[in-house]
Amino acid sequence: MNAYDEFAGGYRPTVSVDLGRLVGNFQRLAARQPDAEAAAVVKCDAYGLGLVPCARALARHGDCRTFFVAHPEEGARLREALRDSVPDAEIFILNGPTRASLPIFDEGRLTPVINSLAQATLWAETRPGAPCAVHADVGIHRLGVPAEELSDVLSLRDLKPTLFMAHLSCAGAPDDPTNEAELKRFRTLAADAGDVRLSLVSTGGALIGEAFGFDLLRLGVGLYGVSPFGAPVPEVKPVATLTAEVLQVQSVPVGGRVGYGGLFEAARPTRLATLAIGYGDGFPRAAPASGGEASVRVVIGGTPCPVVGCVSMDLVTVDITDAPASVAPGDAAEIFGDAAPIEEAAAACGTIGYELLTRLSPRVTRTYAMNGAPAAID
Ligand SMILES: *Cc1c(COP(=O)(O)O)cnc(C)c1O
């Protein structure tokens, strides 16, 4: 619920979330590593698609029992959402604890991921013996305990990790030799971690090979219908369909220019549709404005229509010259979904599917379906 949800029946864009597909992706990805438990990464509001409905669907229909979020506040919200269905769910907080956030860990029964000696010392001193994960850096140099600090962390008497984890730096490129090198490094470091469960991979790594699975998978983007490799994979079916309404249809003659700055100039008599979506909804302003091959294509009446002209806050213009003549205000345009692969839309905007999903703003209406029927979200 947000300020926009008090109104209905306007021109707000919609993202429809197929929770059945979400669960299907979870099950197919988990099946690739049958010896590992599959956990769901539901940080950033389940990659923009809604923490509560996504986590509940995974728990109820996918039997998911372990979750990862980035911030303790996200964990507290998740604990509340799962209170009745999975009261004993394990909720890991990737960013780890701070002194100020310790009460949220207590209240939500959250498990921190320890990323540094400082976090390890804080947790051991203030919550001696309480479960935690230790995140070792195996080469990404982003977050995680550096190899040279690891023995100090693991020798803290009151630190009792139950999970030892790392994160691959190149899992989006399955053939990159870095993956094997980091796998080896993880094995070496894990040998000193004692009797704990092991977790190395996110979606990409789970698809690379069986050696990467260990005890626990941390599945994120694939659950939400985005291939971790940029190109589609059979385990991952689209989950989110973003649509916007046609607000206006018009024709411009040769030489007519479109949008702020006139960045597109019609080379032929051109029909245009203006859609009720813009960068304020999360449609990237960086989308190419010149039309043609480089443009993002939105699908209207079955026809891919290139974006032309600059994306503005509330509006996007597309070239519908090749679409059916019947296209009219009120028609739906699909920005991504089954007809318009999100990986292609992202590539055209110079970004990745992860970003297209997580930047969807509160102004985008979220609707949910389960196996073809509207799903209640609470
Ligand atoms: C976000 C994240 C994941 C999930 O990655 P995907 O590529 O979305 O599957 C797993 N592990 C860590 C540490 C992460 O930060």
# chains A, B, ... in the order shown; residues from 1 in each chain; ligands from 1
call {"tool": "closest_atom_pairs", "arguments": {"of": "stretch 155-274 of chain A", "to": "stretch 123-139 of chain A", "cutoff": "9 Å", "atoms": "only C-alpha atoms", "output": "Markdown table"}}
result
| residue | atom | partner | partner_atom | distance |
| --- | --- | --- | --- | --- |
| A:Leu156 | CA | A:Ala124 | CA | 7.2 |
| A:Arg157 | CA | A:Ala124 | CA | 7.8 |
| A:Asp158 | CA | A:Pro128 | CA | 4.8 |
| A:Leu159 | CA | A:Ala124 | CA | 4.8 |
| A:Lys160 | CA | A:Gly129 | CA | 5.2 |
| A:Pro161 | CA | A:Cys132 | CA | 4.7 |
| A:Thr162 | CA | A:Ala133 | CA | 5.9 |
| A:Leu163 | CA | A:Ala133 | CA | 4.5 |
| A:Phe164 | CA | A:Val134 | CA | 4.9 |
| A:Met165 | CA | A:His135 | CA | 4.8 |
| A:Ala166 | CA | A:Ala136 | CA | 5.1 |
| A:His167 | CA | A:Val138 | CA | 7.2 |
| A:Leu168 | CA | A:Val138 | CA | 7.3 |
| A:Ser169 | CA | A:Gly139 | CA | 6.7 |
| A:Thr178 | CA | A:Gly139 | CA | 8.8 |
| A:Ala181 | CA | A:Val138 | CA | 8.9 |
| A:Glu182 | CA | A:Val138 | CA | 5.6 |
| A:Leu183 | CA | A:Val138 | CA | 8.2 |
| A:Arg185 | CA | A:Val138 | CA | 6.1 |
| A:Phe186 | CA | A:Val138 | CA | 6.2 |
| A:Leu189 | CA | A:Ala136 | CA | 8.0 |
| A:Ala190 | CA | A:Ala136 | CA | 9.0 |
| A:Ala193 | CA | A:Val134 | CA | 8.9 |
call {"tool": "closest_atom_pairs", "arguments": {"of": "chain A", "to": "ligand 1", "cutoff": "7 Å", "atoms": "only C-alpha atoms and all ligand atoms", "output": "JSON lines"}}
result
{"residue": "A:Val41", "atom": "CA", "partner": "ligand 1", "partner_atom_place_in_ligand_line": "4 (C)", "distance": 5.6}
{"residue": "A:Leu94", "atom": "CA", "partner": "ligand 1", "partner_atom_place_in_ligand_line": "13 (C)", "distance": 6.4}
{"residue": "A:His167", "atom": "CA", "partner": "ligand 1", "partner_atom_place_in_ligand_line": "13 (C)", "distance": 5.4}
{"residue": "A:Val201", "atom": "CA", "partner": "ligand 1", "partner_atom_place_in_ligand_line": "10 (C)", "distance": 6.5}
{"residue": "A:Ser202", "atom": "CA", "partner": "ligand 1", "partner_atom_place_in_ligand_line": "9 (O)", "distance": 4.0}
{"residue": "A:Thr203", "atom": "CA", "partner": "ligand 1", "partner_atom_place_in_ligand_line": "9 (O)", "distance": 3.7}
{"residue": "A:Gly204", "atom": "CA", "partner": "ligand 1", "partner_atom_place_in_ligand_line": "7 (O)", "distance": 6.0}
{"residue": "A:Arg218", "atom": "CA", "partner": "ligand 1", "partner_atom_place_in_ligand_line": "10 (C)", "distance": 4.8}
{"residue": "A:Leu219", "atom": "CA", "partner": "ligand 1", "partner_atom_place_in_ligand_line": "9 (O)", "distance": 4.4}
{"residue": "A:Gly220", "atom": "CA", "partner": "ligand 1", "partner_atom_place_in_ligand_line": "9 (O)", "distance": 3.3}
{"residue": "A:Val221", "atom": "CA", "partner": "ligand 1", "partner_atom_place_in_ligand_line": "8 (O)", "distance": 3.6}
{"residue": "A:Gly222", "atom": "CA", "partner": "ligand 1", "partner_atom_place_in_ligand_line": "9 (O)", "distance": 6.0}
{"residue": "A:Pro228", "atom": "CA", "partner": "ligand 1", "partner_atom_place_in_ligand_line": "7 (O)", "distance": 6.0}
call {"tool": "write_last_selection", "arguments": {"atoms": "all heavy atoms", "output": "compact mmCIF listing (two decimals), in the first residue's frame"}}
result
# COMPACT_ATOMS: atom_id res chain seq x y z
N VAL A 41 16.50 -15.46 -2.28
CA VAL A 41 17.00 -14.11 -2.00
C VAL A 41 15.87 -13.14 -2.35
O VAL A 41 15.45 -13.06 -3.50
CB VAL A 41 18.27 -13.81 -2.80
CG1 VAL A 41 18.78 -12.41 -2.49
CG2 VAL A 41 19.35 -14.86 -2.49
N LEU A 94 22.22 -10.09 4.71
CA LEU A 94 23.49 -10.08 3.98
C LEU A 94 24.44 -8.97 4.43
O LEU A 94 25.66 -9.16 4.43
CB LEU A 94 23.23 -9.95 2.48
CG LEU A 94 22.63 -11.19 1.79
CD1 LEU A 94 22.08 -10.83 0.42
CD2 LEU A 94 23.69 -12.29 1.66
N HIS A 167 30.75 -15.52 -2.43
CA HIS A 167 29.94 -15.07 -3.57
C HIS A 167 30.85 -14.94 -4.78
O HIS A 167 31.88 -14.26 -4.71
CB HIS A 167 29.30 -13.71 -3.22
CG HIS A 167 28.23 -13.26 -4.15
ND1 HIS A 167 27.16 -14.06 -4.49
CD2 HIS A 167 28.05 -12.09 -4.80
CE1 HIS A 167 26.36 -13.38 -5.31
NE2 HIS A 167 26.88 -12.19 -5.53
N VAL A 201 26.80 -20.25 -4.14
CA VAL A 201 26.26 -19.69 -5.38
C VAL A 201 24.90 -19.00 -5.28
O VAL A 201 24.04 -19.33 -4.49
CB VAL A 201 26.17 -20.77 -6.49
CG1 VAL A 201 27.55 -21.20 -6.92
CG2 VAL A 201 25.32 -21.94 -6.05
N SER A 202 24.76 -18.05 -6.21
CA SER A 202 23.48 -17.42 -6.52
C SER A 202 22.92 -18.13 -7.76
O SER A 202 23.36 -19.23 -8.10
CB SER A 202 23.74 -15.94 -6.80
OG SER A 202 24.69 -15.81 -7.83
N THR A 203 21.97 -17.51 -8.46
CA THR A 203 21.34 -18.19 -9.59
C THR A 203 22.36 -18.66 -10.63
O THR A 203 22.32 -19.82 -11.07
CB THR A 203 20.34 -17.24 -10.30
OG1 THR A 203 19.46 -16.69 -9.32
CG2 THR A 203 19.55 -17.99 -11.35
N GLY A 204 23.25 -17.77 -11.02
CA GLY A 204 24.19 -18.11 -12.09
C GLY A 204 25.04 -19.32 -11.73
O GLY A 204 25.12 -20.30 -12.48
N ARG A 218 21.64 -19.76 -3.00
CA ARG A 218 21.02 -18.45 -2.73
C ARG A 218 20.45 -17.93 -4.05
O ARG A 218 21.10 -17.23 -4.80
CB ARG A 218 22.06 -17.47 -2.15
CG ARG A 218 22.78 -18.03 -0.92
CD ARG A 218 23.70 -16.99 -0.28
NE ARG A 218 24.61 -16.38 -1.21
CZ ARG A 218 25.83 -16.83 -1.52
NH1 ARG A 218 26.30 -17.93 -0.94
NH2 ARG A 218 26.58 -16.18 -2.39
N LEU A 219 19.20 -18.30 -4.31
CA LEU A 219 18.59 -18.02 -5.61
C LEU A 219 17.88 -16.67 -5.60
O LEU A 219 16.98 -16.44 -4.81
CB LEU A 219 17.59 -19.11 -5.97
CG LEU A 219 18.15 -20.53 -6.02
CD1 LEU A 219 17.03 -21.54 -6.26
CD2 LEU A 219 19.24 -20.65 -7.10
N GLY A 220 18.30 -15.80 -6.50
CA GLY A 220 17.67 -14.48 -6.60
C GLY A 220 17.04 -14.30 -7.96
O GLY A 220 15.93 -14.77 -8.24
N VAL A 221 17.76 -13.67 -8.84
CA VAL A 221 17.17 -13.12 -10.07
C VAL A 221 16.41 -14.15 -10.92
O VAL A 221 15.38 -13.82 -11.50
CB VAL A 221 18.29 -12.42 -10.89
CG1 VAL A 221 19.13 -13.42 -11.67
CG2 VAL A 221 17.75 -11.33 -11.77
N GLY A 222 16.90 -15.39 -10.93
CA GLY A 222 16.22 -16.42 -11.73
C GLY A 222 14.80 -16.66 -11.25
O GLY A 222 13.90 -16.98 -12.04
N PRO A 228 20.31 -15.18 -15.45
CA PRO A 228 21.54 -14.56 -14.91
C PRO A 228 22.59 -14.37 -16.00
O PRO A 228 23.56 -13.66 -15.80
CB PRO A 228 22.01 -15.58 -13.88
CG PRO A 228 21.48 -16.89 -14.35
CD PRO A 228 20.15 -16.58 -15.01
call {"tool": "closest_residue", "arguments": {"among": "A:Asp35, A:Glu90, A:Asp338, A:Asp331", "to": "A:Gln248", "atoms": "only C-alpha atoms"}}
result
A:Asp331
call {"tool": "select_by_dssp", "arguments": {"residues": "stretch 144-355 of chain A", "states": "strand (DSSP E or B)", "output": "JSON, numbers by chain"}}
result
{"A": [145, 160, 161, 162, 163, 164, 165, 197, 198, 199, 216, 217, 218, 219, 240, 241, 242, 243, 244, 245, 246, 247, 248, 249, 250, 251, 252, 257, 258, 264, 265, 270, 271, 272, 273, 274, 275, 290, 297, 298, 299, 300, 303, 304, 305, 306, 307, 308, 316, 317, 318, 319, 332, 333, 334, 335, 336]}
call {"tool": "select_by_dssp", "arguments": {"residues": "stretch 46-195 of chain A", "states": "alpha helix (DSSP H)", "output": "ChimeraX atom specification"}}
result
/A:46-47,51-62,72-81,102-108,117-126,147-154,178-190
call {"tool": "atom_distance", "arguments": {"atom1": "atom CA of A:Val298", "atom2": "atom CA of A:Thr317"}}
result
10.3 Å
call {"tool": "closest_residue", "arguments": {"among": "A:Pro177, A:Gly205, A:Gly194, A:Gly96", "to": "A:Leu154", "atoms": "only C-alpha atoms"}}
result
A:Gly194
call {"tool": "residues_around", "arguments": {"residues": "A:Phe283", "least_positions_apart": "2", "cutoff": "9 Å", "atoms": "only C-alpha atoms", "output": "PyMOL selection string"}}
result
chain A and resi 277-281+285-287+311+313+316+335+356+359-360
call {"tool": "write_last_selection", "arguments": {"atoms": "N, CA, C and O atoms", "output": "PDB file, in the first residue's frame"}}
result
ATOM      1  N   ILE A 277       3.865   5.859 -19.288  1.00  0.00           N
ATOM      2  CA  ILE A 277       4.951   5.341 -18.443  1.00  0.00           C
ATOM      3  C   ILE A 277       6.182   6.184 -18.761  1.00  0.00           C
ATOM      4  O   ILE A 277       6.339   6.639 -19.897  1.00  0.00           O
ATOM      5  N   GLY A 278       7.015   6.402 -17.768  1.00  0.00           N
ATOM      6  CA  GLY A 278       8.217   7.198 -18.000  1.00  0.00           C
ATOM      7  C   GLY A 278       9.282   6.857 -16.988  1.00  0.00           C
ATOM      8  O   GLY A 278       9.167   5.864 -16.257  1.00  0.00           O
ATOM      9  N   TYR A 279      10.311   7.694 -16.940  1.00  0.00           N
ATOM     10  CA  TYR A 279      11.403   7.351 -16.018  1.00  0.00           C
ATOM     11  C   TYR A 279      10.959   7.432 -14.571  1.00  0.00           C
ATOM     12  O   TYR A 279      11.542   6.793 -13.701  1.00  0.00           O
ATOM     13  N   GLY A 280       9.884   8.188 -14.300  1.00  0.00           N
ATOM     14  CA  GLY A 280       9.351   8.232 -12.935  1.00  0.00           C
ATOM     15  C   GLY A 280       8.752   6.905 -12.494  1.00  0.00           C
ATOM     16  O   GLY A 280       8.511   6.683 -11.304  1.00  0.00           O
ATOM     17  N   ASP A 281       8.489   6.032 -13.448  1.00  0.00           N
ATOM     18  CA  ASP A 281       7.979   4.689 -13.128  1.00  0.00           C
ATOM     19  C   ASP A 281       9.097   3.656 -13.134  1.00  0.00           C
ATOM     20  O   ASP A 281       8.867   2.501 -12.778  1.00  0.00           O
ATOM     21  N   ARG A 285      15.658   6.352 -18.519  1.00  0.00           N
ATOM     22  CA  ARG A 285      15.763   7.509 -19.398  1.00  0.00           C
ATOM     23  C   ARG A 285      16.901   7.317 -20.393  1.00  0.00           C
ATOM     24  O   ARG A 285      16.928   7.956 -21.444  1.00  0.00           O
ATOM     25  N   ALA A 286      17.824   6.409 -20.067  1.00  0.00           N
ATOM     26  CA  ALA A 286      18.951   6.155 -20.959  1.00  0.00           C
ATOM     27  C   ALA A 286      18.553   5.351 -22.191  1.00  0.00           C
ATOM     28  O   ALA A 286      19.389   5.099 -23.055  1.00  0.00           O
ATOM     29  N   ALA A 287      17.291   4.934 -22.295  1.00  0.00           N
ATOM     30  CA  ALA A 287      16.868   4.167 -23.475  1.00  0.00           C
ATOM     31  C   ALA A 287      17.164   4.979 -24.733  1.00  0.00           C
ATOM     32  O   ALA A 287      16.905   6.188 -24.773  1.00  0.00           O
ATOM     33  N   VAL A 311      12.849   9.658 -23.415  1.00  0.00           N
ATOM     34  CA  VAL A 311      11.916   9.186 -22.382  1.00  0.00           C
ATOM     35  C   VAL A 311      11.698  10.325 -21.397  1.00  0.00           C
ATOM     36  O   VAL A 311      12.667  10.904 -20.897  1.00  0.00           O
ATOM     37  N   MET A 313       9.377  11.966 -17.860  1.00  0.00           N
ATOM     38  CA  MET A 313       9.069  11.443 -16.522  1.00  0.00           C
ATOM     39  C   MET A 313       7.854  10.516 -16.523  1.00  0.00           C
ATOM     40  O   MET A 313       7.851   9.468 -15.882  1.00  0.00           O
ATOM     41  N   VAL A 316       6.373   7.928 -22.626  1.00  0.00           N
ATOM     42  CA  VAL A 316       7.309   7.373 -23.599  1.00  0.00           C
ATOM     43  C   VAL A 316       6.584   7.361 -24.943  1.00  0.00           C
ATOM     44  O   VAL A 316       5.393   7.055 -24.992  1.00  0.00           O
ATOM     45  N   ILE A 335       6.001  -3.730 -22.095  1.00  0.00           N
ATOM     46  CA  ILE A 335       7.395  -3.275 -22.083  1.00  0.00           C
ATOM     47  C   ILE A 335       8.330  -4.464 -21.882  1.00  0.00           C
ATOM     48  O   ILE A 335       9.366  -4.554 -22.522  1.00  0.00           O
ATOM     49  N   LEU A 356      16.107  -3.252 -14.191  1.00  0.00           N
ATOM     50  CA  LEU A 356      14.760  -2.911 -14.667  1.00  0.00           C
ATOM     51  C   LEU A 356      13.704  -3.271 -13.620  1.00  0.00           C
ATOM     52  O   LEU A 356      12.738  -2.542 -13.428  1.00  0.00           O
ATOM     53  N   ARG A 359      14.115  -1.023 -10.138  1.00  0.00           N
ATOM     54  CA  ARG A 359      13.833   0.411 -10.204  1.00  0.00           C
ATOM     55  C   ARG A 359      12.365   0.717 -10.486  1.00  0.00           C
ATOM     56  O   ARG A 359      11.997   1.886 -10.558  1.00  0.00           O
ATOM     57  N   LEU A 360      11.522  -0.298 -10.643  1.00  0.00           N
ATOM     58  CA  LEU A 360      10.083  -0.036 -10.803  1.00  0.00           C
ATOM     59  C   LEU A 360       9.617   0.760  -9.590  1.00  0.00           C
ATOM     60  O   LEU A 360       9.841   0.360  -8.455  1.00  0.00           O
TER      61      LEU A 360
END
call {"tool": "closest_residue", "arguments": {"among": "A:Val307, A:Ile208, A:Val86, A:Met370", "to": "A:Val239", "atoms": "only C-alpha atoms"}}
result
A:Met370
call {"tool": "closest_residue", "arguments": {"among": "A:Gly301, A:Gly62, A:Pro253, A:Pro284", "to": "A:Thr270", "atoms": "only C-alpha atoms"}}
result
A:Pro253
call {"tool": "closest_residue", "arguments": {"among": "A:Ile93, A:Ala240, A:Gly10, A:Gln119", "to": "A:Arg366", "atoms": "only C-alpha atoms"}}
result
A:Ala240
